[in-house]
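structure.cif follows; it contains mmCIF, C-alpha atoms and all ligand atoms.
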data_query
loop_
_atom_site.label_atom_id
_atom_site.label_comp_id
_atom_site.auth_asym_id
_atom_site.auth_seq_id
_atom_site.Cartn_x
_atom_site.Cartn_y
_atom_site.Cartn_z
CA MET A 1 -4.09 -24.82 -0.29
CA ALA A 2 -6.58 -26.35 -2.69
CA ASP A 3 -8.61 -27.88 0.18
CA THR A 4 -9.70 -24.40 1.25
CA VAL A 5 -11.71 -24.13 -1.92
CA ALA A 6 -13.83 -27.07 -0.90
CA ALA A 7 -13.90 -25.76 2.65
CA GLY A 8 -15.74 -22.71 1.34
CA ASN A 9 -18.64 -24.97 0.32
CA PRO A 10 -19.00 -27.75 2.89
CA ASP A 11 -22.34 -28.85 1.42
CA GLY A 12 -21.18 -29.01 -2.18
CA ASP A 13 -19.68 -31.78 -4.26
CA PRO A 14 -15.94 -31.77 -3.48
CA ARG A 15 -15.19 -32.64 -7.12
CA ASP A 16 -16.92 -29.45 -8.17
CA PRO A 17 -15.73 -26.81 -5.69
CA PRO A 18 -17.15 -23.31 -5.84
CA PRO A 19 -14.93 -20.59 -7.27
CA ILE A 20 -12.89 -18.79 -4.65
CA VAL A 21 -13.79 -15.56 -6.36
CA ALA A 22 -17.50 -15.16 -7.13
CA THR A 23 -18.56 -15.07 -10.78
CA ALA A 24 -19.41 -11.37 -10.75
CA ALA A 25 -15.90 -10.59 -9.62
CA ASN A 26 -14.40 -12.83 -12.27
CA GLN A 27 -16.45 -10.98 -14.85
CA TYR A 28 -15.27 -7.74 -13.36
CA GLY A 29 -11.73 -9.03 -13.46
CA SER A 30 -11.85 -10.03 -17.07
CA GLY A 31 -13.55 -6.77 -17.97
CA VAL A 32 -10.70 -4.63 -16.68
CA ASN A 33 -8.24 -5.60 -19.34
CA THR A 34 -8.02 -2.37 -21.27
CA ILE A 35 -5.28 0.12 -20.51
CA ARG A 36 -6.85 3.58 -20.56
CA PRO A 37 -5.10 6.64 -22.03
CA VAL A 38 -2.69 8.16 -19.50
CA ALA A 39 -4.80 11.32 -19.07
CA LEU A 40 -7.79 9.26 -17.88
CA ARG A 41 -5.98 6.92 -15.53
CA ASP A 42 -6.72 7.12 -11.81
CA ARG A 43 -4.47 8.60 -9.15
CA TRP A 44 -3.44 5.23 -7.72
CA VAL A 45 -1.89 3.95 -10.93
CA GLU A 46 -0.44 7.36 -11.75
CA TRP A 47 1.33 7.52 -8.42
CA LEU A 48 2.69 3.97 -8.42
CA LEU A 49 3.92 4.19 -11.99
CA HIS A 50 5.00 7.86 -12.18
CA ARG A 51 4.39 10.37 -9.41
CA ARG A 52 6.00 8.27 -6.66
CA HIS A 53 9.43 8.82 -8.24
CA GLY A 54 8.68 11.93 -10.31
CA GLY A 55 9.85 10.25 -13.53
CA ASP A 56 13.36 9.88 -12.07
CA ALA A 57 14.87 6.49 -12.92
CA GLU A 58 17.43 6.70 -10.10
CA GLN A 59 14.69 7.41 -7.57
CA LEU A 60 12.67 4.48 -8.91
CA ARG A 61 15.70 2.22 -8.50
CA ARG A 62 16.14 3.40 -4.90
CA THR A 63 12.46 2.92 -4.13
CA LEU A 64 12.55 -0.66 -5.39
CA GLU A 65 15.79 -1.29 -3.51
CA PHE A 66 14.12 -0.06 -0.32
CA LEU A 67 10.98 -2.13 -0.94
CA GLY A 68 12.76 -5.42 -1.77
CA PRO A 69 13.54 -6.45 1.83
CA ILE A 70 10.06 -5.33 2.99
CA ARG A 71 8.45 -7.49 0.28
CA ASP A 72 10.62 -10.46 1.27
CA ARG A 73 9.64 -10.11 4.92
CA VAL A 74 5.93 -9.83 4.17
CA ILE A 75 6.19 -12.99 2.05
CA ALA A 76 8.26 -14.84 4.68
CA ASN A 77 5.76 -13.91 7.42
CA ALA A 78 2.89 -15.28 5.32
CA ARG A 79 4.61 -18.71 5.54
CA LEU A 80 3.46 -19.76 2.07
CA SER A 81 3.63 -23.29 0.70
CA PRO A 82 3.34 -24.59 -2.85
CA GLY A 83 -0.33 -24.79 -3.84
CA ASP A 84 -1.49 -22.00 -1.51
CA VAL A 85 -4.12 -19.45 -2.48
CA VAL A 86 -2.96 -15.94 -1.58
CA LEU A 87 -5.07 -12.80 -1.48
CA ASP A 88 -2.94 -9.68 -1.95
CA VAL A 89 -5.10 -6.76 -0.80
CA GLY A 90 -4.34 -3.37 -2.39
CA ALA A 91 -2.02 -5.18 -4.77
CA GLY A 92 -0.79 -2.01 -6.49
CA ASP A 93 1.60 -2.88 -9.28
CA GLY A 94 2.13 -6.38 -7.94
CA LEU A 95 5.16 -6.03 -5.66
CA ILE A 96 3.87 -8.60 -3.18
CA GLY A 97 1.45 -10.59 -5.37
CA PHE A 98 3.93 -11.59 -8.07
CA ALA A 99 6.54 -12.57 -5.46
CA ALA A 100 3.88 -14.69 -3.72
CA LEU A 101 3.00 -16.34 -7.02
CA GLU A 102 6.57 -17.60 -7.36
CA VAL A 103 6.48 -19.17 -3.90
CA VAL A 104 3.10 -20.88 -4.31
CA GLY A 105 4.27 -22.34 -7.62
CA PRO A 106 2.35 -23.86 -10.50
CA THR A 107 -0.43 -25.29 -8.31
CA GLY A 108 -0.98 -22.09 -6.33
CA ARG A 109 -2.99 -18.95 -7.11
CA VAL A 110 -2.88 -15.26 -6.28
CA ILE A 111 -5.95 -13.07 -6.09
CA PHE A 112 -4.95 -9.48 -6.82
CA ASP A 113 -7.39 -7.15 -5.05
CA GLU A 114 -7.61 -3.46 -5.88
CA ILE A 115 -9.91 -0.45 -5.80
CA SER A 116 -8.20 0.87 -8.94
CA GLU A 117 -9.48 -0.52 -12.23
CA ASP A 118 -6.40 0.90 -13.93
CA LEU A 119 -4.07 -1.00 -11.63
CA LEU A 120 -6.03 -4.21 -12.23
CA ALA A 121 -5.67 -3.66 -15.99
CA HIS A 122 -1.94 -3.07 -15.50
CA LEU A 123 -1.60 -6.19 -13.31
CA ARG A 124 -3.49 -8.27 -15.83
CA GLN A 125 -1.14 -7.12 -18.56
CA LEU A 126 1.93 -7.90 -16.40
CA ALA A 127 0.55 -11.36 -15.60
CA ALA A 128 -0.15 -12.02 -19.29
CA SER A 129 3.39 -11.00 -20.30
CA ALA A 130 4.85 -13.22 -17.57
CA GLY A 131 2.71 -16.16 -18.79
CA VAL A 132 1.02 -16.61 -15.38
CA LEU A 133 -2.47 -15.31 -16.15
CA GLU A 134 -4.17 -18.64 -15.52
CA ARG A 135 -2.93 -18.63 -11.90
CA CYS A 136 -4.21 -15.10 -11.17
CA ASP A 137 -7.58 -13.60 -10.28
CA PHE A 138 -8.28 -9.87 -10.37
CA VAL A 139 -10.87 -8.47 -8.03
CA LEU A 140 -12.17 -4.92 -7.82
CA THR A 141 -13.36 -4.60 -4.24
CA PRO A 142 -12.31 -2.52 -1.23
CA ALA A 143 -10.46 -4.17 1.63
CA GLU A 144 -13.38 -3.25 3.86
CA ASP A 145 -15.75 -5.80 2.32
CA LEU A 146 -14.07 -8.21 -0.16
CA VAL A 147 -17.62 -9.30 -1.03
CA PRO A 148 -16.73 -11.38 -4.12
CA ILE A 149 -14.32 -13.56 -2.15
CA ALA A 150 -15.78 -16.66 -0.52
CA ASP A 151 -15.57 -17.30 3.23
CA ALA A 152 -12.63 -19.45 4.37
CA SER A 153 -11.26 -19.69 0.84
CA VAL A 154 -7.68 -18.37 1.06
CA ASP A 155 -4.55 -19.59 2.81
CA ALA A 156 -2.91 -16.21 3.27
CA VAL A 157 -3.78 -12.53 3.08
CA THR A 158 -0.95 -10.09 2.42
CA LEU A 159 -0.84 -6.29 2.51
CA ARG A 160 1.85 -3.68 2.19
CA SER A 161 1.03 -0.05 2.89
CA VAL A 162 -2.70 -0.36 2.30
CA LEU A 163 -4.38 0.10 5.70
CA ILE A 164 -2.94 3.63 5.76
CA TYR A 165 -5.51 4.47 3.05
CA VAL A 166 -8.43 2.58 4.59
CA GLU A 167 -11.07 4.50 6.56
CA ARG A 168 -12.71 1.48 8.24
CA LYS A 169 -9.72 -0.53 9.36
CA SER A 170 -11.60 -2.88 11.69
CA ALA A 171 -14.05 -3.72 8.89
CA ALA A 172 -11.10 -4.50 6.62
CA LEU A 173 -9.52 -6.76 9.26
CA GLN A 174 -12.86 -8.51 9.73
CA SER A 175 -13.02 -9.27 6.00
CA PHE A 176 -9.47 -10.67 6.05
CA TYR A 177 -10.53 -12.92 8.91
CA ARG A 178 -13.68 -13.99 7.05
CA VAL A 179 -11.91 -15.03 3.81
CA LEU A 180 -9.06 -16.87 5.55
CA ARG A 181 -9.47 -20.58 6.17
CA SER A 182 -8.93 -21.84 9.69
CA GLY A 183 -5.14 -21.78 10.24
CA GLY A 184 -4.74 -19.20 7.45
CA ARG A 185 -2.19 -16.41 7.88
CA LEU A 186 -2.33 -12.63 7.70
CA SER A 187 0.90 -10.78 6.90
CA ILE A 188 0.93 -7.00 7.02
CA PHE A 189 3.46 -4.20 6.65
CA GLU A 190 2.38 -0.65 7.44
CA PRO A 191 4.21 2.59 8.17
CA ILE A 192 3.32 4.14 11.51
CA ASN A 193 3.00 7.72 10.40
CA ARG A 194 1.85 8.99 13.76
CA PHE A 195 5.36 8.36 15.07
CA GLY A 196 6.86 10.22 12.10
CA GLN A 197 4.97 13.45 12.86
CA PRO A 198 7.22 16.34 13.97
CA ARG A 199 7.02 16.89 17.72
CA GLN A 200 5.70 20.16 19.18
CA GLY A 201 8.15 22.94 18.34
CA GLU A 202 10.32 20.65 16.21
CA ALA A 203 11.29 22.12 12.83
CA PHE A 204 10.57 20.21 9.63
CA GLY A 205 13.49 17.83 8.96
CA GLY A 206 15.53 19.80 11.50
CA TYR A 207 15.80 22.70 9.00
CA ASP A 208 15.35 26.30 10.07
CA VAL A 209 12.16 27.40 8.32
CA ALA A 210 11.60 30.38 10.68
CA PRO A 211 12.33 33.09 8.06
CA VAL A 212 9.53 31.72 5.81
CA LYS A 213 7.39 30.19 8.56
CA GLU A 214 4.11 31.74 7.42
CA LEU A 215 4.62 30.52 3.83
CA TYR A 216 5.80 27.14 5.07
CA ASP A 217 2.64 26.72 7.17
CA ARG A 218 0.44 27.53 4.19
CA VAL A 219 2.19 24.92 2.02
CA GLN A 220 1.86 22.37 4.83
CA ALA A 221 -1.84 23.20 5.15
CA VAL A 222 -2.37 21.85 1.62
CA TYR A 223 -1.24 18.42 2.84
CA GLU A 224 -3.19 18.71 6.08
CA THR A 225 -6.54 18.80 4.30
CA LEU A 226 -5.96 15.48 2.50
CA PRO A 227 -8.00 12.40 3.49
CA THR A 228 -4.73 10.60 4.17
CA GLN A 229 -4.14 12.99 7.05
CA ARG A 230 -6.91 11.06 8.79
CA THR A 231 -6.40 7.51 7.54
CA MET A 232 -2.62 7.57 8.02
CA LEU A 233 -2.72 9.09 11.48
CA ASP A 234 -5.74 7.41 13.09
CA PHE A 235 -3.77 4.37 14.27
CA ASP A 236 -0.45 3.31 15.70
CA GLU A 237 1.19 -0.03 16.46
CA ARG A 238 -0.82 -0.56 19.64
CA THR A 239 -4.24 0.23 18.20
CA LEU A 240 -3.46 -1.91 15.16
CA LEU A 241 -2.54 -4.84 17.39
CA GLU A 242 -5.76 -4.38 19.39
CA MET A 243 -7.86 -4.24 16.21
CA ILE A 244 -6.30 -7.46 14.89
CA GLU A 245 -6.92 -9.21 18.18
CA GLY A 246 -10.43 -7.73 18.29
CA VAL A 247 -11.56 -9.43 15.08
CA GLY A 248 -10.57 -12.87 16.40
CA PHE A 249 -7.04 -13.77 15.23
CA THR A 250 -5.67 -16.24 17.74
CA SER A 251 -1.93 -15.96 17.40
CA ILE A 252 -0.48 -12.54 16.60
CA LYS A 253 3.09 -11.34 16.41
CA MET A 254 4.18 -7.79 15.77
CA SER A 255 7.57 -6.43 15.01
CA TYR A 256 7.85 -2.65 15.39
CA GLU A 257 10.81 -0.72 14.05
CA ALA A 258 11.37 2.90 14.96
CA GLU A 259 14.20 5.13 13.92
CA ILE A 260 15.23 8.63 14.87
CA GLY A 261 18.28 10.07 13.16
CA PHE A 262 19.47 11.66 9.94
CA GLY A 263 18.44 10.55 6.46
CA LYS A 264 21.05 8.83 4.33
CA GLU A 265 21.11 11.43 1.60
CA ILE A 266 20.64 15.08 0.77
CA PRO A 267 17.16 15.59 -0.69
CA SER A 268 16.95 16.57 -4.34
CA TRP A 269 14.79 19.68 -4.58
CA ASP A 270 13.89 18.99 -8.22
CA ARG A 271 12.78 15.47 -7.40
CA MET A 272 10.68 16.71 -4.48
CA MET A 273 8.99 19.20 -6.77
CA ARG A 274 8.10 16.46 -9.29
CA SER A 275 7.08 13.70 -6.90
CA SER A 276 4.43 13.28 -4.22
CA PRO A 277 4.62 11.42 -0.91
CA ASN A 278 1.47 9.35 -1.50
CA PRO A 279 -1.14 8.74 -4.24
CA LEU A 280 -3.59 11.29 -2.86
CA ALA A 281 -1.05 14.07 -2.30
CA PRO A 282 0.06 16.83 -4.67
CA THR A 283 3.66 17.04 -5.84
CA GLY A 284 5.86 19.62 -4.10
CA ALA A 285 5.41 22.00 -7.04
CA GLU A 286 1.62 21.54 -7.04
CA ALA A 287 1.37 22.23 -3.30
CA ILE A 288 3.42 25.43 -3.63
CA ALA A 289 1.37 26.61 -6.61
CA GLN A 290 -1.83 25.91 -4.69
CA ALA A 291 -0.78 27.73 -1.52
CA LEU A 292 1.33 30.69 -2.64
CA THR A 293 1.32 33.53 -5.17
CA PRO A 294 4.18 33.41 -7.72
CA GLN A 295 6.08 36.10 -5.73
CA GLU A 296 5.61 34.23 -2.46
CA ALA A 297 6.65 31.01 -4.15
CA GLU A 298 9.88 32.61 -5.34
CA ARG A 299 10.71 33.83 -1.81
CA TYR A 300 9.81 30.44 -0.35
CA VAL A 301 11.87 28.44 -2.85
CA SER A 302 14.90 30.70 -2.55
CA HIS A 303 14.95 30.05 1.20
CA MET A 304 13.96 26.36 1.23
CA ARG A 305 15.96 24.98 -1.65
CA PRO A 306 19.49 25.80 -0.36
CA LEU A 307 18.36 24.77 3.12
CA LEU A 308 17.26 21.32 2.03
CA GLU A 309 20.26 20.88 -0.19
CA SER A 310 22.61 21.76 2.69
CA GLY A 311 22.40 18.31 4.30
CA PRO A 312 20.28 15.25 5.06
CA PRO A 313 17.06 15.83 6.99
CA ARG A 314 16.42 14.75 10.54
CA ILE A 315 14.05 11.81 10.32
CA ARG A 316 11.67 9.98 12.60
CA SER A 317 10.15 6.84 11.15
CA GLY A 318 8.09 3.96 12.45
CA MET A 319 6.98 0.79 10.68
CA VAL A 320 5.34 -2.40 11.66
CA TYR A 321 5.20 -6.00 10.47
CA VAL A 322 2.31 -8.07 11.78
CA PHE A 323 1.71 -11.74 11.24
CA ALA A 324 -1.35 -13.43 12.61
CA THR A 325 -3.06 -16.80 12.33
CA LYS A 326 -6.79 -17.47 12.20
C1 LIG B 1 1.00 2.33 -1.51
S1 LIG B 1 0.10 1.34 -2.60
C2 LIG B 1 0.79 -0.25 -2.20
C3 LIG B 1 0.66 -1.21 -3.34
C4 LIG B 1 1.25 -2.60 -3.11
N1 LIG B 1 0.62 -3.24 -1.96
C5 LIG B 1 2.74 -2.55 -2.93
O1 LIG B 1 3.22 -3.18 -1.99
O2 LIG B 1 3.45 -1.90 -3.71
C6 LIG B 1 -1.51 1.26 -1.87
C7 LIG B 1 -2.50 0.50 -2.71
O3 LIG B 1 -3.69 0.30 -1.95
C8 LIG B 1 -4.80 0.41 -2.81
N2 LIG B 1 -5.95 0.77 -1.95
C9 LIG B 1 -6.23 1.95 -1.38
N3 LIG B 1 -7.35 1.88 -0.65
C10 LIG B 1 -7.79 0.59 -0.75
C11 LIG B 1 -8.91 -0.11 -0.22
N4 LIG B 1 -9.80 0.50 0.56
N5 LIG B 1 -9.03 -1.42 -0.54
C12 LIG B 1 -8.14 -2.05 -1.35
N6 LIG B 1 -7.07 -1.42 -1.87
C13 LIG B 1 -6.89 -0.12 -1.58
C14 LIG B 1 -4.41 1.50 -3.80
O4 LIG B 1 -5.13 1.44 -5.00
C15 LIG B 1 -2.92 1.24 -3.98
O5 LIG B 1 -2.65 0.42 -5.07
#
Have the structure of the file written as structure tokens, please.
Ligand SMILES: C[S@@+](CC[C@H](N)C(=O)[O-])C[C@H]1O[C@@H](n2cnc3c(N)ncnc32)[C@H](O)[C@@H]1O
Amino acid sequence: MADTVAAGNPDGDPRDPPPIVATAANQYGSGVNTIRPVALRDRWVEWLLHRRHGGDAEQLRRTLEFLGPIRDRVIANARLSPGDVVLDVGAGDGLIGFAALEVVGPTGRVIFDEISEDLLAHLRQLAASAGVLERCDFVLTPAEDLVPIADASVDAVTLRSVLIYVERKSAALQSFYRVLRSGGRLSIFEPINRFGQPRQGEAFGGYDVAPVKELYDRVQAVYETLPTQRTMLDFDERTLLEMIEGVGFTSIKMSYEAEIGFGKEIPSWDRMMRSSPNPLAPTGAEAIAQALTPQEAERYVSHMRPLLESGPPRIRSGMVYVFATK
């Protein structure tokens, strides 16, 4: 709400409230309005706009179909009202932020926070084409500090699939707490990847990889050295809940959803080769090329491809929605 702006500066003249986003950040925001050539763009924008779906329009449609209900739940949990100021941390290509902007209406604002300048440039361009630029701020700052954002200046903080990339999660939660006004809400969605890890002795997706086990392990090792291996697996629903409580949120609710079963569809080998599971990961084809010689790759693919295309994988997935009040 607008009163949070004044709340950020109790000693100031209420008719002249301080900016929610410090001047330096606004300058930063307005500076990131150039779209760089594709070859120079960073991995975050490349993944969200291309590598996530491997250039496959059908896969993109399915991804957005899957994300729609998650977005709606994150927005509903944030309990937004017209006029609210929302901070969308790790805003990506605006899935949550633009939906929030519709709910807060013409008197509300959304601060799009990112660590990717290219995504901020993309968001700025989307906001300009939608005619909503004057209700948006763009801030280049990691979730862990949010330095340009004033204390107690926002009504809601939203995040979808961002903490999984954050090294210092408690520091990030502390900054969300700091920028929220009293009574402000935090609404989070995160996958719980620790639950999704194969159990001891369990084959990948339930497929029999034994005949190419040594090659399979080498391809897997490429993924195991990624920084996401740490940031995605260093928490689960319980530790997340404890961290949120630890930074001072008074009322916290968590909804945890776990599923064990079979996927809905047969994986497309070609799509897997072109796409990557997260912004910091190689595509399937890149991981194979990195780990195996061309001869080994041929043997590996001729075993794995028909196996994967023989039926849906066995899956194990966990995800969590958290909503908390300061
Ligand atoms: C999987 S994307 C999710 C994007 C968006 N929230 C959505 O719902 O589609 C993760 C985003 O988090 C951003 N990110 C990663 N680490 C971050 C950090 N430490 N602080 C802020 N944003 C971060 C990335 O640039 C990326 O856009």
For this session: Enumerate, as a VMD selection string, the protein, DNA and RNA residues whose atoms approach (15.0, 7.1, 13.1) to within 12 Å, taking into account all atoms listed in the file and the coordinate frame of the file.
Result: chain A and resid 195 to 197 205 257 to 264 313 to 319
Just write the chosen residues, C-alpha atoms, as a CSV table (one decimal), in the frame of the given file.
chain,number,residue,atom,x,y,z
A,195,PHE,CA,5.4,8.4,15.1
A,196,GLY,CA,6.9,10.2,12.1
A,197,GLN,CA,5.0,13.4,12.9
A,205,GLY,CA,13.5,17.8,9.0
A,257,GLU,CA,10.8,-0.7,14.0
A,258,ALA,CA,11.4,2.9,15.0
A,259,GLU,CA,14.2,5.1,13.9
A,260,ILE,CA,15.2,8.6,14.9
A,261,GLY,CA,18.3,10.1,13.2
A,262,PHE,CA,19.5,11.7,9.9
A,263,GLY,CA,18.4,10.6,6.5
A,264,LYS,CA,21.0,8.8,4.3
A,313,PRO,CA,17.1,15.8,7.0
A,314,ARG,CA,16.4,14.8,10.5
A,315,ILE,CA,14.0,11.8,10.3
A,316,ARG,CA,11.7,10.0,12.6
A,317,SER,CA,10.2,6.8,11.2
A,318,GLY,CA,8.1,4.0,12.4
A,319,MET,CA,7.0,0.8,10.7
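Close contacts of Glu265 of chain A, defined as residues with an atom at most 12 Å away when counting all atoms listed in the file, with chain neighbours fewer than 6 positions off set aside, comprise A:Gln59, A:Arg62, A:Leu308, A:Glu309, A:Ser310, A:Gly311, A:Pro312, A:Pro313, A:Arg314, A:Ile315.
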Problem set entry | Polymer residues at most 6 Å from segment 164-180 of chain A, only C-alpha atoms, same-chain spacing of 4 or more positions, as a PyMOL selection string | chain A and resi 143-145+151-155+184+231-232+247
Exercise. Segment 66-80 of chain A: which residues within 10 Å, counting all atoms listed in the file, same-chain residues fewer than 3 positions away excluded, as a ChimeraX atom specification?
Worked result: /A:1,60-63,83-86,95-97,99-101,103-104,108,155-160,184-189,253,321-325
Seminar exercise, completed: Among A:Ala287, A:Leu280, A:Ala128, A:Cys136, ligand LIG 1 (chain B) is approached most closely, using all atoms listed in the file, by A:Leu280
Seminar exercise, completed: Closest of A:Leu240, A:Leu307, A:Met272, A:Ala285 to Arg52 of chain A, counting only C-alpha atoms, is A:Met272
For this session: Would you kindly return, as a ChimeraX atom specification, each protein, DNA or RNA residue with an atom no farther than 10 Å from any atom of Pro282 of chain A, considering all atoms listed in the file and excluding same-chain residues fewer than 4 positions away?
Result: /A:51,222-223,226,273-278,286-288,290
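Among A:Leu49, A:Leu119, A:Val110, A:Leu87, the residue with the shortest atom-to-atom distance to ligand LIG 1 (chain B), counting all atoms listed in the file, is A:Leu119.
Take the candidates A:Glu58, A:His53, A:Pro279, A:Val89 and check each one against Pro142 of chain A using only C-alpha atoms; the shortest distance goes to A:Val89.
Distance annotation: of A:Pro191, A:Gly284, A:Pro82, A:Pro106, the residue with the minimal separation from ligand LIG 1 (chain B) is A:Pro191; atom set is all atoms listed in the file.
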Problem set entry | Separation of atom CA of Gly183 of chain A from atom CA of Thr250 of chain A in Å | 9.3 Å
Draw an axis-aligned box tight on the listed atoms of segment 175-190 of chain A, then pad every side by 5 Å and write out centre and edge lengths in Å to one decimal as AutoDock Vina command-line options.
--center_x -5.1 --center_y -11.2 --center_z 7.0 --size_x 27.1 --size_y 31.2 --size_z 16.4
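Across the structure, atom CA of Leu241 of chain A and atom S1 of ligand LIG 1 (chain B) are spaced 21.1 Å apart.
Closest to ligand LIG 1 (chain B) among A:Gln295, A:Thr141, A:Asn193, A:Thr239 is A:Thr141, based on only C-alpha atoms and all ligand atoms.
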Can you write segment 243-282 of chain A from the block above with C-alpha atoms, as a PDB file, in the first residue's frame?
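Saved result, part.pdb, follows:
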ATOM      1  CA  MET A 243      14.766 -20.565   8.315  1.00  0.00           C
ATOM      2  CA  ILE A 244      11.613 -18.509   7.703  1.00  0.00           C
ATOM      3  CA  GLU A 245      10.673 -18.710  11.358  1.00  0.00           C
ATOM      4  CA  GLY A 246      14.280 -17.941  12.318  1.00  0.00           C
ATOM      5  CA  VAL A 247      14.305 -14.533  10.623  1.00  0.00           C
ATOM      6  CA  GLY A 248      11.227 -13.403  12.555  1.00  0.00           C
ATOM      7  CA  PHE A 249       8.066 -14.022  10.490  1.00  0.00           C
ATOM      8  CA  THR A 250       5.219 -14.360  12.953  1.00  0.00           C
ATOM      9  CA  SER A 251       2.591 -16.319  11.102  1.00  0.00           C
ATOM     10  CA  ILE A 252       3.769 -18.983   8.647  1.00  0.00           C
ATOM     11  CA  LYS A 253       1.855 -21.552   6.658  1.00  0.00           C
ATOM     12  CA  MET A 254       3.374 -24.192   4.450  1.00  0.00           C
ATOM     13  CA  SER A 255       1.750 -26.479   1.995  1.00  0.00           C
ATOM     14  CA  TYR A 256       3.947 -29.383   0.881  1.00  0.00           C
ATOM     15  CA  GLU A 257       3.068 -31.538  -2.090  1.00  0.00           C
ATOM     16  CA  ALA A 258       4.907 -34.754  -2.812  1.00  0.00           C
ATOM     17  CA  GLU A 259       4.293 -37.202  -5.587  1.00  0.00           C
ATOM     18  CA  ILE A 260       5.691 -40.605  -6.411  1.00  0.00           C
ATOM     19  CA  GLY A 261       4.459 -42.277  -9.566  1.00  0.00           C
ATOM     20  CA  PHE A 262       4.854 -42.296 -13.322  1.00  0.00           C
ATOM     21  CA  GLY A 263       5.213 -39.202 -15.493  1.00  0.00           C
ATOM     22  CA  LYS A 264       2.297 -38.295 -17.727  1.00  0.00           C
ATOM     23  CA  GLU A 265       4.164 -38.670 -20.981  1.00  0.00           C
ATOM     24  CA  ILE A 266       6.949 -40.467 -22.784  1.00  0.00           C
ATOM     25  CA  PRO A 267      10.041 -38.238 -22.830  1.00  0.00           C
ATOM     26  CA  SER A 268      11.141 -36.900 -26.199  1.00  0.00           C
ATOM     27  CA  TRP A 269      14.812 -37.756 -26.640  1.00  0.00           C
ATOM     28  CA  ASP A 270      15.356 -34.928 -29.138  1.00  0.00           C
ATOM     29  CA  ARG A 271      13.855 -32.396 -26.772  1.00  0.00           C
ATOM     30  CA  MET A 272      15.995 -33.660 -23.902  1.00  0.00           C
ATOM     31  CA  MET A 273      19.085 -33.284 -26.050  1.00  0.00           C
ATOM     32  CA  ARG A 274      18.201 -29.657 -26.888  1.00  0.00           C
ATOM     33  CA  SER A 275      16.984 -28.493 -23.485  1.00  0.00           C
ATOM     34  CA  SER A 276      18.502 -28.214 -20.021  1.00  0.00           C
ATOM     35  CA  PRO A 277      16.875 -28.775 -16.628  1.00  0.00           C
ATOM     36  CA  ASN A 278      17.973 -25.431 -15.168  1.00  0.00           C
ATOM     37  CA  PRO A 279      19.785 -22.233 -16.264  1.00  0.00           C
ATOM     38  CA  LEU A 280      23.176 -23.408 -15.014  1.00  0.00           C
ATOM     39  CA  ALA A 281      22.999 -26.901 -16.508  1.00  0.00           C
ATOM     40  CA  PRO A 282      24.145 -28.115 -19.927  1.00  0.00           C
TER      41      PRO A 282
END
